[in-house]
Structures are given as structure tokens and as C-alpha cells.
Amino acid sequence: MNYSNYKISIYRSVTIALLFSLVGLSNFSCKKIEDVQSTRLATEESNWKTLEDARANLLSVYGLMRSATVSDNTHWLMGDLRQGDFQITNRADLKAIVTGQLNAQYPVINRITNWRRFYAVVNAASLFIERSKQILPLDSRYTQINNNVDIAQARILRAFAYFYMVRIWGDVPLLTSSHDGDFIKLPRTSKDKVLQFATAELLAAAQVVPFKYGGDDPILPGLYYGSGWASWNGNIFTRLSAYIILAHIAAWQGNYLDAATYSKFVLDNYTKSNGSGSNGIVYLDMDALTENLNYYSPFAFKRATVLVGFPFEAGNGLSTANGHIEQLTLASPFIPKAQPEMFVPKDSILKIFTDPGDLRFSINPTTGLYRTNYFYNFTSEQPIFNKIKVIYTAQTSGNLTLFSSTMLFSRIEEITLLRAEACAVLGQRDEAIAALNKAANLRGPITYDPASGKDLIDAIFEERRRELMGEGWRWYDIVRYNRLKNSAGTFIRKNGTPLTFRQFENAGGIYWPVSQDVINANPSVTQNPYWQ
């Protein structure tokens, strides 16, 4: 098979996997967990025989994880709406999320609170780990090192799925082997035990996966499944991906010593993922981030700047009408839509972006007009959040409501700010300030001055709020910030009763309720106490 045909085959596999997962999820509301059919995309007689089977089955796990995060816009509804910066125009289901009514009876809320989509990832990854080695004696093209790297990716994907679920629901059932066609009805496992398992998996996998695929990485030199680095960068998980997820697990657990160590590894080694042609990992200036200058944007195309994420590149047939934040935030003149479904109010924008030199939002002293990198038509009632706008073939506007932006979990600026957070908590002020200013200076002459008296932790989380707006981080940052501050003030009221953050968290309020469909299918699963 020549290079061109091989490349087409790879992306056809990704597309097929995504379509299968989306079709399955669209029908889920009327299925119980034990009714879900096999996740295998081929029959036993024809599967696990060739190198092509290995490739297709591994990419199907990526496709399932991509679908789990973006179906019904899960990543943004769960990350950006709870006590977040966005207001809703007219959708009652989204307003319920903003106001914390997470057990409201809306179809979208019921679907996104069902963890079945993530267990499809877990099962498919476990199946790959168990079965892919069967190909080795049957196809000489599939080498031991290839299989080792593939299994390590499946372990990273499974660990990532568990971390994602723990952030959303807390305790979740821990399955470590496949149960194809027979979902074992296990009770919920302690979140600490689940994250311990995920951490161990990631640490083991990180020693196996390369920094880059299809290039000159000494771990896996040469073409990967017949394709070079330009085809794989930003598409599949690398050693940096594993360490980024490890850093976030550690930070979520309050283990900032490990978070600092893992994030330092990423920042010390990210250039090892570059080279072999195509754009590499770099810190992005304003226009590169929001306007895709020189084609570096992590939101458009499959770029190495996507350290952890799932691209939807239009050229590979992956543009979709839903599963992108643009579906919720864009309107005319970017797409043919009268008003966005959610927007950041003007008062909030002015409160969040206070530096007059901030290129994300401020008044341009040359023109006297508001900058439009993050917000368009600020003077209107509903400013359009246009930071992310990848329409169909990576254009910034168009007549179609098809989008191809990446579901982005982490980029170099994000992990730099996480390192700043970890160092600040550990009392390593110089390192924390250096990391904070490294990220902030990309957005204008914005510098944290220790002499200002401003709390360093506050400054870091305020910068995360600005830099990562619309990337699914806000709620999780609110949780980590309040864990650090441990304020005795009222965080929320439940049925008129004021609760501190600690009381709110101890009652399980930081988590989402579990879908009643899950509980009906598995009586050993109990509801999160805050939502009972």
C-alpha cells in the first residue's frame, strides 16, 4: 500500500470509529447498560489477525473517547457552565446547568450524566490490551515494539477516561478487564483507588510511548503505520500527553509535589516532540491562538500544539454540526445564526479582563476600538465569544454550521499555568512567577509584580480564567481554587441553607448526579448524596 492510500485508510478508520460511537450514543437513552452490544467493529473470525486490525481497533478507542467528551457538548457544558462566565440566551436546559440544577429533567442533562459512553472507552481499551498481542505471530509486519506502543496508548486512554469520570462523578466502578457483551454490575469504587489505578497505568505507559510518531524518535523510529510525523502529531497520545494527565490527576488530588514534577517534565522536554517536518510545539502568540496565524492554532487542524485533545480536521472528513463550542457561542456574522446560545455578559468581560494591554480584550489605543480576539461586537447586548471559530475547512466564518475545531484538553500554555499553580502552593514563588509570566506575557505586557501585594494564587487562577475561557476548565479550576483557599464564607445555598465550599464538597456537591438510567440498570450504583 502506498503512502497516500495508507494515510487515507488511517483517517477512514478514525471516521468510522467516530461514526459508530456517535450512532451508539444517539440511541443510548432507550438502552440499559447490559443491553449494549459488543464494542468490536469486526467479527471474531476476521478481527485481531493483521496489522490493519491493530490500527483500526486502536483508532476506534480514540474515536470512542473523542465521542465521550464531545457528544452533546459534554466537555463544555460540564466545564464552562457551572458558576462559569457564560450566560444562556433562551435554552432552559443550559440555564439549569448554570444555576446548578443538575438533576433537572432535560434530555441533554440525562444523557451527559450517563457514564456509559466512558465505559465504552474503558472496555474497548481493555479489549485492545488483552487481544492485540494475538496479531504478533499472525502478521510479521506487526512488531513487538509496535504492539508495546499501541498497548501503552490504550492504557493512557483508559486512564484518561477514568480521570475524566472521577472529576465528574467522584466514585465510579473500576473495571480493569474487558467484559464484551456482559457489563459487570459493580458498585462504585473509591475515587482515590480509581485515580491510583489511573496514575499507575499512566506511569507505566509513559515509559513506553514515544515523544512523537512517524519520525526520528529513538523509541519508535521510522513511519508509524506507514505514515510520518505530520500525520500523527496532535492526533494520538505521546509521552508528553501521559505526563500532562498525570500532572492534572495529582493537582486534582491536592498532590502538588507530583503535579510540579510532572509538569516540569513536560516543559523540560516538549521540544523533543518537534521536528520531522510540519509545525511543532511552540508557545502561541495572540494571532496564532485565535486566528490560526501560520497554521499553529491548536483549535484548527491536527497540530503538535494539541498536547492532549482530539482533532476534528475537515480535510479528514471529521467536521460535524455538533460537539464543538462554536455550536453554542457563534452567530452572525460568523455563521448564519441570529444569536448565540451562550455568551459572556459585558459586565463579566470588564471584570475579568482588567489590564489595558491585554490583547485578548481591551481597547486598542491606536484605533480606540475594543479588540476582537476573544469577543466580537462588545457593545451589543450579547457579545459573541469568537476566540474559537473553526468553521468547516478551518475558516473563521462561513455559510455552513459545520465545525472542525479540536476538543482541546491541554496545550503548552495550560500546562505552564498548572505548573505555576503547583509551584505557588509549594512555596516555590520564583518558579511560580516565572511560569505565570511566561504564559501571561504572550497576551500583552502583562506581568505579575510581587511588590504589588496581590496574592499569587489569585493571580494564577485569574490568568487561567482569562487564558482558558471556553476550553472546559472553569468549574474544575473553581474547585481546586476553593480547596486551596478553604474559605469559611458561603459558597452556595441548598434549599436556603448556606454551605461553605468544604461542606458543599463533603456532601458531594462538586460532582454531577448519576443518570437514573445508570442506577436503573445497575442497582448497586448509588446516587451522589448531594443529589439524593
# chains A, B, ... in the order shown; residues from 1 in each chain; ligands from 1
>>> residues_around(residues="range 379-386 of chain A", least_positions_apart="6", cutoff="12 Å", atoms="only C-alpha atoms", output="NGL selection string")
:A and (85-89 or 289-291 or 325-335 or 337-350 or 360-361 or 369-373 or 396-397 or 469-471)
>>> closest_atom_pairs(of="range 39-98 of chain A", to="range 477-500 of chain A", cutoff="10 Å", atoms="only C-alpha atoms", output="tab-separated table")
residue	atom	partner	partner_atom	distance
A:Gly79	CA	A:Asp477	CA	9.1
A:Arg82	CA	A:Ile478	CA	9.4
A:Gln83	CA	A:Ile478	CA	8.3
A:Gly84	CA	A:Ile478	CA	8.8
>>> write_last_selection(atoms="N, CA and C atoms", output="tab-separated table (two decimals), in the first residue's frame")
chain	number	residue	atom	x	y	z
A	79	GLY	N	-17.74	21.75	31.93
A	79	GLY	CA	-16.56	22.51	32.36
A	79	GLY	C	-16.75	24.00	32.42
A	82	ARG	N	-21.09	25.61	34.98
A	82	ARG	CA	-21.35	25.68	36.43
A	82	ARG	C	-20.57	26.84	37.05
A	83	GLN	N	-21.28	27.82	37.56
A	83	GLN	CA	-20.67	29.01	38.15
A	83	GLN	C	-19.64	29.64	37.21
A	84	GLY	N	-19.84	29.45	35.92
A	84	GLY	CA	-18.89	29.94	34.94
A	84	GLY	C	-19.21	31.34	34.46
>>> closest_residue(among="A:Lys272, A:Arg239, A:Arg188, A:Arg419", to="Ala434 in chain A", atoms="only C-alpha atoms")
A:Arg419
>>> closest_residue(among="A:Thr305, A:Ser71, A:Thr367, A:Ser126", to="Leu408 in chain A", atoms="only C-alpha atoms")
A:Thr305
>>> atom_distance(atom1="CA of Tyr476 in chain A", atom2="CA of Thr74 in chain A")
13.9 Å
>>> select_by_dssp(residues="range 420-462 of chain A", states="helix (DSSP H, G or I)", output="NGL selection string")
:A and (420-425 or 429-443 or 450-452 or 456-462)
